[in-house]
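File shown: coords15.cif (mmCIF, C-alpha atoms).
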data_entry
loop_
_atom_site.label_atom_id
_atom_site.label_comp_id
_atom_site.auth_asym_id
_atom_site.auth_seq_id
_atom_site.Cartn_x
_atom_site.Cartn_y
_atom_site.Cartn_z
CA MET A 9 -16.31 176.34 145.09
CA SER A 10 -18.98 177.79 147.31
CA LYS A 11 -20.74 175.80 150.00
CA LYS A 12 -24.46 175.40 149.38
CA LEU A 13 -27.46 174.83 151.61
CA VAL A 14 -30.97 173.79 150.62
CA ALA A 15 -33.40 175.08 153.25
CA TYR A 16 -37.08 174.34 152.83
CA PHE A 17 -40.51 174.59 154.35
CA SER A 18 -43.03 171.92 153.41
CA ALA A 19 -46.51 171.67 154.85
CA SER A 20 -47.59 168.56 152.94
CA GLY A 21 -44.36 166.82 151.94
CA VAL A 22 -44.27 167.88 148.27
CA THR A 23 -41.65 170.58 148.72
CA ALA A 24 -39.68 168.33 151.10
CA ALA A 25 -39.26 165.65 148.43
CA LEU A 26 -38.13 168.25 145.90
CA ALA A 27 -35.66 169.82 148.36
CA GLU A 28 -34.13 166.44 149.19
CA ASN A 29 -33.71 165.67 145.48
CA LEU A 30 -32.19 169.10 144.82
CA ALA A 31 -29.72 168.78 147.72
CA GLY A 32 -28.70 165.33 146.47
CA ALA A 33 -28.28 166.50 142.87
CA ILE A 34 -26.04 169.45 143.78
CA GLY A 35 -24.20 168.01 146.78
CA ALA A 36 -25.67 170.56 149.19
CA ASP A 37 -26.47 170.29 152.86
CA ILE A 38 -30.17 170.33 153.76
CA TYR A 39 -32.17 172.04 156.50
CA GLU A 40 -35.90 171.83 157.18
CA ILE A 41 -37.62 175.06 158.22
CA LYS A 42 -40.09 173.72 160.79
CA PRO A 43 -42.90 175.66 162.40
CA ALA A 44 -43.15 175.51 166.19
CA VAL A 45 -46.73 174.35 165.66
CA LYS A 46 -47.11 171.92 162.78
CA TYR A 47 -49.77 172.72 160.17
CA THR A 48 -52.75 170.37 160.08
CA GLU A 49 -54.91 169.66 157.06
CA LYS A 50 -57.54 171.98 158.54
CA ASP A 51 -54.90 174.72 158.94
CA LEU A 52 -54.14 174.46 155.22
CA ASP A 53 -57.76 174.77 154.00
CA TRP A 54 -57.40 177.84 151.79
CA MET A 55 -61.15 177.83 151.13
CA ASP A 56 -61.77 178.56 154.83
CA ARG A 57 -61.08 182.27 155.49
CA ASN A 58 -60.53 181.41 159.16
CA SER A 59 -58.00 178.62 158.62
CA ARG A 60 -54.56 179.24 160.07
CA SER A 61 -52.88 179.59 156.68
CA SER A 62 -55.57 181.97 155.40
CA VAL A 63 -55.28 184.18 158.48
CA GLU A 64 -51.46 184.24 158.29
CA MET A 65 -51.39 185.05 154.59
CA ARG A 66 -53.85 187.93 154.92
CA ASP A 67 -51.60 189.49 157.56
CA LYS A 68 -48.27 190.35 155.88
CA SER A 69 -46.77 190.99 159.34
CA SER A 70 -47.56 187.44 160.50
CA ARG A 71 -44.44 185.58 161.59
CA PRO A 72 -45.18 181.98 162.61
CA ALA A 73 -42.68 180.77 165.20
CA LEU A 74 -39.89 178.41 164.21
CA ALA A 75 -39.38 175.07 165.96
CA ASP A 76 -35.63 175.79 166.15
CA LYS A 77 -32.95 178.17 164.99
CA ASN A 78 -30.23 175.63 164.33
CA ALA A 79 -29.35 176.43 160.71
CA GLU A 80 -25.66 177.25 160.41
CA ILE A 81 -26.16 179.99 157.82
CA ALA A 82 -22.67 181.46 158.29
CA LYS A 83 -21.14 178.31 156.71
CA TYR A 84 -22.81 178.88 153.33
CA ASP A 85 -22.39 181.25 150.40
CA THR A 86 -25.48 180.21 148.47
CA ILE A 87 -28.73 179.19 150.11
CA PHE A 88 -31.53 177.68 148.07
CA ILE A 89 -34.82 178.29 149.89
CA GLY A 90 -37.83 176.21 148.88
CA PHE A 91 -41.48 176.55 149.77
CA PRO A 92 -44.97 175.99 148.41
CA ILE A 93 -46.56 179.07 146.85
CA TRP A 94 -49.42 180.30 149.03
CA TRP A 95 -51.57 183.15 147.75
CA TYR A 96 -48.99 184.02 145.06
CA ILE A 97 -46.18 184.51 147.60
CA ALA A 98 -44.05 182.55 150.04
CA PRO A 99 -45.65 181.44 153.31
CA THR A 100 -44.86 183.99 156.02
CA ILE A 101 -42.77 181.41 157.90
CA ILE A 102 -40.13 182.07 155.22
CA ASN A 103 -39.99 185.69 156.41
CA THR A 104 -39.61 184.36 159.98
CA PHE A 105 -36.68 182.20 158.84
CA LEU A 106 -34.98 185.05 156.97
CA GLU A 107 -35.37 187.39 159.96
CA ALA A 108 -33.94 184.80 162.38
CA TYR A 109 -30.46 184.76 160.81
CA ASP A 110 -27.83 187.07 159.35
CA PHE A 111 -27.87 186.61 155.58
CA SER A 112 -25.48 189.52 154.89
CA GLY A 113 -23.57 188.92 151.65
CA LYS A 114 -25.35 185.62 150.95
CA LYS A 115 -27.04 184.69 147.71
CA ILE A 116 -30.53 183.31 148.26
CA VAL A 117 -32.08 181.41 145.38
CA LEU A 118 -35.79 180.75 145.70
CA PHE A 119 -37.49 177.64 144.38
CA ALA A 120 -41.06 176.62 144.89
CA THR A 121 -43.80 174.15 144.25
CA SER A 122 -47.20 175.38 143.17
CA GLY A 123 -50.63 174.11 142.31
CA GLY A 124 -50.82 176.49 139.38
CA SER A 125 -49.46 179.95 140.11
CA GLY A 126 -46.04 181.44 139.54
CA PHE A 127 -43.85 183.29 142.05
CA GLY A 128 -46.13 186.30 142.02
CA LYS A 129 -44.67 188.83 144.45
CA ALA A 130 -42.63 186.34 146.50
CA VAL A 131 -39.30 188.11 145.98
CA GLN A 132 -40.83 191.52 146.70
CA TYR A 133 -42.31 190.34 150.01
CA LEU A 134 -39.17 188.47 151.10
CA LYS A 135 -36.50 191.11 150.35
CA PRO A 136 -37.27 193.29 153.41
CA SER A 137 -36.66 190.25 155.63
CA ALA A 138 -33.07 189.81 154.38
CA GLU A 139 -32.06 193.24 153.09
CA LYS A 140 -28.32 192.52 153.09
CA ALA A 141 -28.67 189.39 150.96
CA THR A 142 -29.15 189.01 147.24
CA ILE A 143 -32.47 187.25 146.69
CA VAL A 144 -33.17 185.85 143.23
CA GLU A 145 -36.21 184.15 141.81
CA GLY A 146 -35.17 180.66 140.86
CA ALA A 147 -37.98 178.53 139.46
CA ILE A 148 -41.22 176.74 140.12
CA LEU A 149 -40.21 173.08 140.13
CA ASN A 150 -43.34 170.99 139.97
CA GLY A 151 -43.54 167.27 139.29
CA ARG A 152 -40.70 164.81 139.18
CA GLN A 153 -37.38 166.50 138.42
CA SER A 154 -34.38 164.51 137.24
CA PRO A 155 -31.05 165.03 139.03
CA GLU A 156 -29.67 166.42 135.76
CA LYS A 157 -32.45 169.00 135.49
CA LEU A 158 -32.02 170.00 139.14
CA LYS A 159 -28.27 170.37 138.70
CA ALA A 160 -28.78 172.48 135.56
CA PHE A 161 -31.21 174.68 137.52
CA ALA A 162 -28.73 175.19 140.38
CA ASP A 163 -25.76 175.77 138.05
CA LYS A 164 -27.47 178.94 136.75
CA PHE A 165 -26.77 180.52 140.13
#
For the file at hand, write its structure as C-alpha coordinates.
Amino acid sequence: MSKKLVAYFSASGVTAALAENLAGAIGADIYEIKPAVKYTEKDLDWMDRNSRSSVEMRDKSSRPALADKNAEIAKYDTIFIGFPIWWYIAPTIINTFLEAYDFSGKKIVLFATSGGSGFGKAVQYLKPSAEKATIVEGAILNGRQSPEKLKAFADKF
(Lines of atoms letter the chains of each structure in order from A and count residues from 1; the text may use other names and numbers.)
(Lines give C-alpha, C1' and ligand atoms only; values in the text may rest on other atoms or scores of the structure.)
Protein backbone atom coordinates (compact mmCIF):
# COMPACT_ATOMS: atom_id res chain seq x y z
CA MET A 1 0.00 0.00 0.00
CA SER A 2 1.37 3.36 -0.94
CA LYS A 3 1.65 6.24 1.49
CA LYS A 4 -0.49 9.23 0.53
CA LEU A 5 -0.30 12.94 1.22
CA VAL A 6 -2.97 15.57 0.69
CA ALA A 7 -1.28 18.93 0.14
CA TYR A 8 -3.44 21.98 -0.42
CA PHE A 9 -3.51 25.72 -0.88
CA SER A 10 -6.62 27.54 0.28
CA ALA A 11 -7.05 31.30 0.20
CA SER A 12 -10.55 31.41 1.67
CA GLY A 13 -10.95 28.13 3.58
CA VAL A 14 -13.11 26.28 1.04
CA THR A 15 -10.31 24.12 -0.34
CA ALA A 16 -8.93 23.59 3.18
CA ALA A 17 -12.19 22.00 4.36
CA LEU A 18 -12.28 19.74 1.31
CA ALA A 19 -8.62 18.71 1.76
CA GLU A 20 -9.18 17.85 5.43
CA ASN A 21 -12.21 15.73 4.51
CA LEU A 22 -10.29 13.99 1.71
CA ALA A 23 -7.32 13.22 3.97
CA GLY A 24 -9.67 11.80 6.61
CA ALA A 25 -11.59 9.69 4.09
CA ILE A 26 -8.47 8.09 2.61
CA GLY A 27 -6.25 7.94 5.70
CA ALA A 28 -3.67 10.31 4.23
CA ASP A 29 -1.37 12.78 5.91
CA ILE A 30 -2.13 16.46 5.28
CA TYR A 31 0.04 19.48 4.53
CA GLU A 32 -1.02 23.08 4.00
CA ILE A 33 0.78 25.02 1.27
CA LYS A 34 1.03 28.44 2.90
CA PRO A 35 2.16 31.64 1.22
CA ALA A 36 4.84 33.67 3.00
CA VAL A 37 2.41 36.59 2.78
CA LYS A 38 -1.19 35.61 3.42
CA TYR A 39 -3.78 36.67 0.83
CA THR A 40 -6.26 39.30 1.98
CA GLU A 41 -9.76 39.78 0.63
CA LYS A 42 -8.46 42.73 -1.38
CA ASP A 43 -5.67 40.54 -2.81
CA LEU A 44 -8.30 38.10 -4.07
CA ASP A 45 -10.48 40.68 -5.87
CA TRP A 46 -10.38 39.24 -9.38
CA MET A 47 -12.36 42.22 -10.69
CA ASP A 48 -9.44 44.51 -9.80
CA ARG A 49 -6.71 44.13 -12.46
CA ASN A 50 -4.19 45.42 -9.92
CA SER A 51 -5.06 43.01 -7.10
CA ARG A 52 -2.30 40.67 -6.04
CA SER A 53 -3.99 37.56 -7.42
CA SER A 54 -4.76 39.25 -10.75
CA VAL A 55 -1.16 40.41 -11.15
CA GLU A 56 0.23 36.97 -10.25
CA MET A 57 -2.09 35.12 -12.59
CA ARG A 58 -1.29 37.36 -15.56
CA ASP A 59 2.40 36.62 -15.07
CA LYS A 60 2.91 32.87 -15.66
CA SER A 61 6.44 33.19 -14.23
CA SER A 62 5.12 34.52 -10.90
CA ARG A 63 6.19 32.35 -7.98
CA PRO A 64 4.76 33.57 -4.66
CA ALA A 65 7.06 32.65 -1.79
CA LEU A 66 6.17 29.79 0.53
CA ALA A 67 5.92 30.26 4.29
CA ASP A 68 7.92 27.04 4.79
CA LYS A 69 9.36 24.08 2.97
CA ASN A 70 8.60 21.43 5.56
CA ALA A 71 6.65 18.91 3.48
CA GLU A 72 8.31 15.51 3.64
CA ILE A 73 7.61 14.63 0.01
CA ALA A 74 10.12 11.76 -0.07
CA LYS A 75 7.87 9.74 2.29
CA TYR A 76 4.97 9.58 -0.18
CA ASP A 77 4.19 7.75 -3.41
CA THR A 78 0.96 9.56 -4.23
CA ILE A 79 0.38 13.23 -3.51
CA PHE A 80 -3.06 14.75 -3.92
CA ILE A 81 -2.66 18.49 -4.49
CA GLY A 82 -5.71 20.71 -4.01
CA PHE A 83 -6.30 24.32 -4.88
CA PRO A 84 -9.00 26.76 -5.97
CA ILE A 85 -9.17 27.33 -9.73
CA TRP A 86 -8.00 30.85 -10.56
CA TRP A 87 -8.31 32.06 -14.14
CA TYR A 88 -8.85 28.48 -15.40
CA ILE A 89 -5.58 27.22 -13.91
CA ALA A 90 -3.94 26.56 -10.55
CA PRO A 91 -2.70 29.55 -8.56
CA THR A 92 1.00 30.10 -9.27
CA ILE A 93 1.87 29.22 -5.67
CA ILE A 94 1.25 25.61 -6.73
CA ASN A 95 4.11 25.97 -9.21
CA THR A 96 6.24 27.37 -6.37
CA PHE A 97 5.40 24.31 -4.26
CA LEU A 98 6.17 21.85 -7.07
CA GLU A 99 9.50 23.56 -7.79
CA ALA A 100 10.52 23.53 -4.11
CA TYR A 101 10.69 19.72 -3.84
CA ASP A 102 11.85 16.66 -5.76
CA PHE A 103 8.75 14.90 -7.08
CA SER A 104 10.71 12.40 -9.22
CA GLY A 105 8.71 9.19 -9.67
CA LYS A 106 5.75 10.50 -7.67
CA LYS A 107 2.15 10.46 -8.81
CA ILE A 108 0.46 13.82 -8.33
CA VAL A 109 -3.33 13.85 -8.45
CA LEU A 110 -4.89 17.28 -8.76
CA PHE A 111 -8.20 18.22 -7.17
CA ALA A 112 -9.77 21.62 -7.04
CA THR A 113 -12.63 23.79 -5.99
CA SER A 114 -14.14 26.22 -8.44
CA GLY A 115 -16.80 28.86 -8.69
CA GLY A 116 -17.82 27.56 -12.09
CA SER A 117 -14.91 26.63 -14.32
CA GLY A 118 -13.20 23.32 -14.92
CA PHE A 119 -9.48 22.55 -14.75
CA GLY A 120 -8.81 24.46 -17.94
CA LYS A 121 -5.06 24.28 -18.59
CA ALA A 122 -4.03 23.53 -14.99
CA VAL A 123 -2.18 20.32 -15.83
CA GLN A 124 -0.44 21.92 -18.81
CA TYR A 125 0.84 24.83 -16.71
CA LEU A 126 1.91 22.64 -13.77
CA LYS A 127 3.79 19.87 -15.62
CA PRO A 128 6.95 21.95 -16.30
CA SER A 129 7.24 22.56 -12.54
CA ALA A 130 7.49 18.82 -11.77
CA GLU A 131 8.73 17.22 -14.98
CA LYS A 132 9.83 13.96 -13.35
CA ALA A 133 6.43 13.33 -11.76
CA THR A 134 3.25 11.98 -13.26
CA ILE A 135 0.59 14.68 -12.92
CA VAL A 136 -3.02 13.67 -13.49
CA GLU A 137 -6.19 15.71 -13.52
CA GLY A 138 -8.34 14.42 -10.70
CA ALA A 139 -11.63 16.27 -10.30
CA ILE A 140 -13.35 19.48 -9.36
CA LEU A 141 -14.88 18.69 -5.98
CA ASN A 142 -17.34 21.41 -5.12
CA GLY A 143 -19.89 21.35 -2.33
CA ARG A 144 -20.16 18.87 0.48
CA GLN A 145 -18.53 15.55 -0.40
CA SER A 146 -19.29 12.40 1.57
CA PRO A 147 -16.35 10.32 2.84
CA GLU A 148 -17.53 7.51 0.55
CA LYS A 149 -17.47 9.76 -2.51
CA LEU A 150 -14.02 11.10 -1.59
CA LYS A 151 -12.68 7.59 -1.08
CA ALA A 152 -14.12 6.49 -4.44
CA PHE A 153 -12.45 9.50 -6.07
CA ALA A 154 -9.05 8.68 -4.53
CA ASP A 155 -9.32 4.95 -5.28
CA LYS A 156 -9.30 5.74 -9.02
CA PHE A 157 -5.65 6.70 -8.64
Please write as a PDB file with C-alpha atoms, keeping the file's coordinate frame the full residue list that the PyMOL selection byres ((chain A and resi 40) around 6) yields on this file.
ATOM      1  CA  ALA A  15     -33.400 175.080 153.250  1.00  0.00           C
ATOM      2  CA  TYR A  16     -37.080 174.340 152.830  1.00  0.00           C
ATOM      3  CA  TYR A  39     -32.170 172.040 156.500  1.00  0.00           C
ATOM      4  CA  ILE A  41     -37.620 175.060 158.220  1.00  0.00           C
ATOM      5  CA  LYS A  42     -40.090 173.720 160.790  1.00  0.00           C
TER       6      LYS A  42
END
Applied to this file, what does the PyMOL selection byres ((chain A and resi 63-72) around 12) return in terms of residues, put as a ChimeraX atom specification?
/A:41-47,51-62,73-76,93-108,130,132-134,136-137
Nearest residue to Leu149 of chain A from the set A:Phe119, A:Tyr84, A:Phe111, A:Phe17 (distances using only C-alpha atoms)
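Answer, going by the shortest atom-to-atom distance: A:Phe119.
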What is the atom CA of Thr23 of chain A-atom CA of Ser10 of chain A distance in Å, reported with one decimal?
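Answer for the atom CA of Thr23 of chain A to atom CA of Ser10 of chain A separation: 23.8 Å.
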Nearest to Gly113 of chain A by atom-to-atom distance, counting all atoms listed in the file, from A:Ile87, A:Lys157, A:Ala24, A:Val131
A:Ile87
Measuring between only C-alpha atoms, which one of A:Lys129, A:Lys12, A:Lys77, A:Lys50 shows the shortest distance to Ala162 of chain A?
A:Lys12
Which residues fall under the PyMOL selection byres ((chain A and resi 153) around 12) in this file, as a PyMOL selection string?
chain A and resi 23+25-30+32-33+121+148-152+154-161
Coordinates-based distance that separates atom CA of Asp163 of chain A from atom CA of Ser122 of chain A (Å, one decimal):
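For atom CA of Ser122 of chain A relative to atom CA of Asp163 of chain A, the distance reads 22.0 Å.
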Nearest-residue call for Phe165 of chain A, choices A:Ile116, A:Ile38, A:Ala138, A:Ala82, using only C-alpha atoms
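Using only C-alpha atoms, Phe165 of chain A sits closest to A:Ile116.
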For atom CA of Glu145 of chain A and atom CA of Ile34 of chain A, quote the distance in Å rounded to one decimal.
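Computing the Euclidean distance for atom CA of Glu145 of chain A and atom CA of Ile34 of chain A yields 18.0 Å.
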